[in-house]
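A.B. asks: My structure is stored as structure18.cif, with mmCIF, C-alpha atoms, pLDDT in the B column; chains and numbers go by the auth columns.
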```cif
data_upload
loop_
_atom_site.group_PDB
_atom_site.id
_atom_site.type_symbol
_atom_site.label_atom_id
_atom_site.label_comp_id
_atom_site.label_asym_id
_atom_site.label_seq_id
_atom_site.Cartn_x
_atom_site.Cartn_y
_atom_site.Cartn_z
_atom_site.B_iso_or_equiv
_atom_site.auth_seq_id
_atom_site.auth_asym_id
ATOM 1 C CA MET A 1 147.472 94.923 57.501 56.00 121 A
ATOM 2 C CA SER A 2 145.408 98.121 57.122 60.00 122 A
ATOM 3 C CA THR A 3 143.840 97.598 60.551 61.00 123 A
ATOM 4 C CA PHE A 4 147.308 97.442 62.091 55.00 124 A
ATOM 5 C CA ALA A 5 148.282 100.681 60.325 55.00 125 A
ATOM 6 C CA LEU A 6 145.147 102.442 61.575 53.00 126 A
ATOM 7 C CA LEU A 7 145.746 101.274 65.134 55.00 127 A
ATOM 8 C CA SER A 8 149.348 102.502 64.956 62.00 128 A
ATOM 9 C CA GLN A 9 148.215 105.883 63.637 61.00 129 A
ATOM 10 C CA ASN A 10 145.618 106.206 66.409 65.00 130 A
ATOM 11 C CA ARG A 11 148.230 105.338 69.016 67.00 131 A
ATOM 12 C CA LEU A 12 150.679 107.866 67.565 62.00 132 A
ATOM 13 C CA GLY A 13 147.973 110.540 67.542 64.00 133 A
ATOM 14 C CA GLU A 14 147.155 109.839 71.171 71.00 134 A
ATOM 15 C CA ASP A 15 150.846 110.097 72.091 69.00 135 A
ATOM 16 C CA VAL A 16 151.178 113.439 70.330 65.00 136 A
ATOM 17 C CA GLU A 17 148.060 114.766 72.059 69.00 137 A
ATOM 18 C CA ARG A 18 149.278 113.531 75.445 72.00 138 A
ATOM 19 C CA ARG A 19 152.661 115.219 74.948 71.00 139 A
ATOM 20 C CA ALA A 20 150.989 118.471 73.945 65.00 140 A
ATOM 21 C CA ASN A 21 148.783 118.380 77.054 65.00 141 A
ATOM 22 C CA VAL A 22 151.760 117.713 79.322 69.00 142 A
ATOM 23 C CA GLY A 23 153.682 120.560 77.687 66.00 143 A
ATOM 24 C CA LEU A 24 150.749 122.913 78.213 63.00 144 A
ATOM 25 C CA GLN A 25 150.353 121.895 81.847 68.00 145 A
ATOM 26 C CA ILE A 26 154.065 122.363 82.530 70.00 146 A
ATOM 27 C CA GLY A 27 153.972 125.772 80.859 67.00 147 A
ATOM 28 C CA LEU A 28 150.952 126.887 82.865 67.00 148 A
ATOM 29 C CA LEU A 29 152.499 125.702 86.130 72.00 149 A
ATOM 30 C CA THR A 30 155.894 127.317 85.586 73.00 150 A
ATOM 31 C CA GLU A 31 154.784 130.612 84.066 70.00 151 A
ATOM 32 C CA PRO A 32 153.670 132.320 87.327 74.00 152 A
ATOM 33 C CA LYS A 33 156.961 131.296 88.944 76.00 153 A
ATOM 34 C CA VAL A 34 158.976 132.743 86.076 73.00 154 A
ATOM 35 C CA ILE A 35 157.029 135.990 86.314 73.00 155 A
ATOM 36 C CA ARG A 36 157.643 136.140 90.062 78.00 156 A
ATOM 37 C CA VAL A 37 161.371 135.645 89.495 79.00 157 A
ATOM 38 C CA LEU A 38 161.339 138.454 86.916 73.00 158 A
ATOM 39 C CA GLN A 39 159.551 140.732 89.372 76.00 159 A
ATOM 40 C CA MET A 40 162.082 139.932 92.109 82.00 160 A
ATOM 41 C CA LEU A 41 164.939 140.607 89.699 77.00 161 A
ATOM 42 C CA ASP A 42 163.358 143.935 88.795 76.00 162 A
ATOM 43 C CA ALA A 43 163.059 144.842 92.500 80.00 163 A
ATOM 44 C CA ILE A 44 166.710 143.920 93.077 84.00 164 A
ATOM 45 C CA GLN A 45 167.748 146.080 90.128 77.00 165 A
ATOM 46 C CA ASP A 46 165.772 148.994 91.543 79.00 166 A
ATOM 47 C CA LYS A 47 167.323 148.539 94.987 83.00 167 A
ATOM 48 C CA ILE A 48 170.929 148.487 93.782 85.00 168 A
ATOM 49 C CA GLY A 49 170.349 151.290 91.321 79.00 169 A
ATOM 50 C CA VAL A 50 170.691 149.427 88.028 73.00 170 A
ATOM 51 C CA GLU A 51 168.746 151.120 85.264 74.00 171 A
ATOM 52 C CA ASN A 52 166.127 148.924 83.595 66.00 172 A
ATOM 53 C CA ASP A 53 166.417 148.534 79.861 64.00 173 A
ATOM 54 C CA THR A 54 162.924 148.709 78.370 60.00 174 A
ATOM 55 C CA ASP A 55 164.129 146.876 75.250 58.00 175 A
ATOM 56 C CA SER A 56 165.622 144.011 77.244 65.00 176 A
ATOM 57 C CA GLU A 57 164.631 140.427 76.740 67.00 177 A
ATOM 58 C CA LEU A 58 163.276 140.284 80.317 64.00 178 A
ATOM 59 C CA ALA A 59 160.897 143.184 79.701 67.00 179 A
ATOM 60 C CA ASN A 60 159.682 141.524 76.502 70.00 180 A
ATOM 61 C CA LEU A 61 159.138 138.205 78.278 68.00 181 A
ATOM 62 C CA GLU A 62 157.188 139.916 81.054 65.00 182 A
ATOM 63 C CA MET A 63 154.955 141.643 78.478 69.00 183 A
ATOM 64 C CA GLU A 64 154.314 138.343 76.678 71.00 184 A
ATOM 65 C CA THR A 65 153.128 136.568 79.824 70.00 185 A
ATOM 66 C CA ARG A 66 150.601 139.188 80.945 77.00 186 A
ATOM 67 C CA PRO A 67 147.759 138.059 78.634 81.00 187 A
ATOM 68 C CA VAL A 68 148.141 134.454 79.795 80.00 188 A
ATOM 69 C CA LEU A 69 147.914 135.502 83.432 80.00 189 A
ATOM 70 C CA ALA A 70 144.877 137.661 82.702 83.00 190 A
ATOM 71 C CA PHE A 71 143.212 134.675 81.025 86.00 191 A
ATOM 72 C CA LEU A 72 143.980 132.392 83.968 85.00 192 A
ATOM 73 C CA ARG A 73 142.632 134.964 86.423 86.00 193 A
ATOM 74 C CA SER A 74 139.457 135.291 84.360 88.00 194 A
ATOM 75 C CA VAL A 75 138.996 131.519 84.348 89.00 195 A
ATOM 76 C CA TYR A 76 139.315 131.453 88.124 88.00 196 A
ATOM 77 C CA ARG A 77 137.272 134.547 88.969 88.00 197 A
ATOM 78 C CA LEU A 78 134.593 134.320 86.277 89.00 198 A
ATOM 79 C CA GLY A 79 134.539 130.624 85.427 88.00 199 A
ATOM 80 C CA VAL A 80 134.931 129.174 88.913 89.00 200 A
ATOM 81 C CA LEU A 81 133.945 131.737 91.549 88.00 201 A
ATOM 82 C CA GLY A 82 131.695 134.150 89.671 86.00 202 A
ATOM 83 C CA GLN A 83 127.931 134.128 89.632 88.00 203 A
ATOM 84 C CA GLU A 84 128.168 134.420 85.842 88.00 204 A
ATOM 85 C CA ARG A 85 130.195 131.206 85.417 89.00 205 A
ATOM 86 C CA VAL A 86 127.567 129.416 83.290 92.00 206 A
ATOM 87 C CA HIS A 87 127.420 132.312 80.835 93.00 207 A
ATOM 88 C CA TYR A 88 131.222 132.624 80.855 92.00 208 A
ATOM 89 C CA TRP A 89 131.709 128.997 79.803 92.00 209 A
ATOM 90 C CA LYS A 90 128.938 129.242 77.209 93.00 210 A
ATOM 91 C CA LEU A 91 130.641 132.309 75.731 92.00 211 A
ATOM 92 C CA LEU A 92 134.034 130.604 75.622 91.00 212 A
ATOM 93 C CA GLY A 93 132.615 127.397 74.154 92.00 213 A
ATOM 94 C CA TRP A 94 130.632 129.188 71.474 94.00 214 A
ATOM 95 C CA THR A 95 133.595 131.389 70.586 92.00 215 A
ATOM 96 C CA ILE A 96 135.993 128.455 70.249 91.00 216 A
ATOM 97 C CA VAL A 97 133.557 126.513 68.075 93.00 217 A
ATOM 98 C CA CYS A 98 132.095 129.277 65.915 93.00 218 A
ATOM 99 C CA ARG A 99 134.630 132.129 65.894 91.00 219 A
ATOM 100 C CA PRO A 100 138.022 130.917 67.183 90.00 220 A
ATOM 101 C CA ARG A 101 139.855 134.009 65.904 92.00 221 A
ATOM 102 C CA LEU A 102 137.751 136.158 68.248 92.00 222 A
ATOM 103 C CA PHE A 103 138.686 134.179 71.361 90.00 223 A
ATOM 104 C CA PRO A 104 140.984 136.905 72.811 89.00 224 A
ATOM 105 C CA LEU A 105 138.262 139.502 72.254 91.00 225 A
ATOM 106 C CA ALA A 106 135.680 137.308 74.008 92.00 226 A
ATOM 107 C CA ILE A 107 137.969 137.000 77.046 91.00 227 A
ATOM 108 C CA THR A 108 138.585 140.755 77.039 90.00 228 A
ATOM 109 C CA LEU A 109 134.877 141.574 76.867 91.00 229 A
ATOM 110 C CA ALA A 110 134.055 139.069 79.615 92.00 230 A
ATOM 111 C CA ILE A 111 136.625 140.776 81.846 90.00 231 A
ATOM 112 C CA TYR A 112 135.172 144.198 80.970 90.00 232 A
ATOM 113 C CA GLY A 113 131.717 142.935 81.932 90.00 233 A
ATOM 114 C CA TYR A 114 133.066 141.699 85.259 89.00 234 A
ATOM 115 C CA HIS A 115 134.599 145.103 85.986 88.00 235 A
ATOM 116 C CA PHE A 116 131.426 146.955 84.980 89.00 236 A
ATOM 117 C CA ARG A 117 129.383 144.742 87.290 87.00 237 A
ATOM 118 C CA LYS A 118 131.778 145.395 90.172 85.00 238 A
ATOM 119 C CA ILE A 119 131.605 149.162 89.569 86.00 239 A
ATOM 120 C CA CYS A 120 127.796 149.068 89.508 87.00 240 A
ATOM 121 C CA GLU A 121 127.761 147.096 92.764 84.00 241 A
ATOM 122 C CA LEU A 122 129.951 149.768 94.360 82.00 242 A
ATOM 123 C CA GLN A 123 127.623 152.530 93.099 81.00 243 A
ATOM 124 C CA GLU A 124 124.593 150.821 94.652 72.00 244 A
ATOM 125 C CA LEU A 125 126.143 150.950 98.109 61.00 245 A
#
```
As structure tokens, what does this structure read like?

C.D. replies:
Amino acid sequence: MSTFALLSQNRLGEDVERRANVGLQIGLLTEPKVIRVLQMLDAIQDKIGVENDTDSELANLEMETRPVLAFLRSVYRLGVLGQERVHYWKLLGWTIVCRPRLFPLAITLAIYGYHFRKICELQEL
């Protein structure tokens, strides 16, 4: 009887994890499209002369999605294309395991390092 209960709990845990992963994937796939729609709406408002309300729900939503896009860009540029990709993934892994509260700061500092490297490369030319 206890074995059956444990198997049921494991199966339920796997279902919950699978649903969470699907939700995350759907969110990550739709977010850039939502931002693009918001940008197009903003351009239409500018063209027809409608004044933008800085306290509007759309402005708040756009501000909330910027950090996620910055993170995704950093994963692509630093974690996939960049010459520093091994160090990038080591930094992220260590931060998640040892200091999870500092994860946003680790991403920010990795992006700063990328920009500093690019500036130094421009200065060498």

A.B. asks: Between CA of Glu204 in chain A and CA of Phe236 in chain A, what is the distance, to one decimal in Å?

C.D. replies: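 Computing the Euclidean distance for CA of Glu204 in chain A and CA of Phe236 in chain A yields 13.0 Å.
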
A.B. asks: Between A:Val188, A:Leu211, A:Cys240, A:Val170, which one has atoms that come closest to Ile155 in chain A, using only C-alpha atoms?

C.D. replies: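 Distance minimum relative to Ile155 in chain A lands on A:Val188.
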
A.B. asks: Determine the residue membership of the PyMOL selection byres ((chain A and resi 212) around 12) for the file above and supply it as a ChimeraX atom specification.

C.D. replies: /A:191,194-195,198-199,205-211,213-230

A.B. asks: Box for range 209-223 of chain A - axis-aligned, 4 Å on each of the six sides, all listed atoms - centre and size in Å to one decimal, as lines of an AutoDock Vina configuration file.

C.D. replies:
```
center_x = 134.4
center_y = 131.3
center_z = 72.8
size_x = 18.9
size_y = 17.6
size_z = 21.9
```

A.B. asks: One decimal, Å: what's the distance from CA of His235 in chain A over to CA of Thr185 in chain A, could you say?

C.D. replies: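 These two atoms are separated by 21.3 Å.
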
A.B. asks: Calculate how many Å separate CA of Arg193 in chain A from CA of Tyr234 in chain A, rounding to one decimal.

C.D. replies: 11.8 Å

A.B. asks: Calculated over all atoms listed in the file, which of the candidates A:Glu151, A:Glu244, A:Glu171, A:Asp166 has the smallest distance to Glu184 in chain A?

C.D. replies: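 Among the listed residues, the smallest separation from Glu184 in chain A belongs to A:Glu151.
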
A.B. asks: Here is a test: counting all atoms listed in the file, which residue of A:Ile146, A:Ile239, A:Leu158, A:Ile231 is nearest to Pro187 in chain A?

C.D. replies: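 Result for the nearest residue to Pro187 in chain A: A:Ile231.
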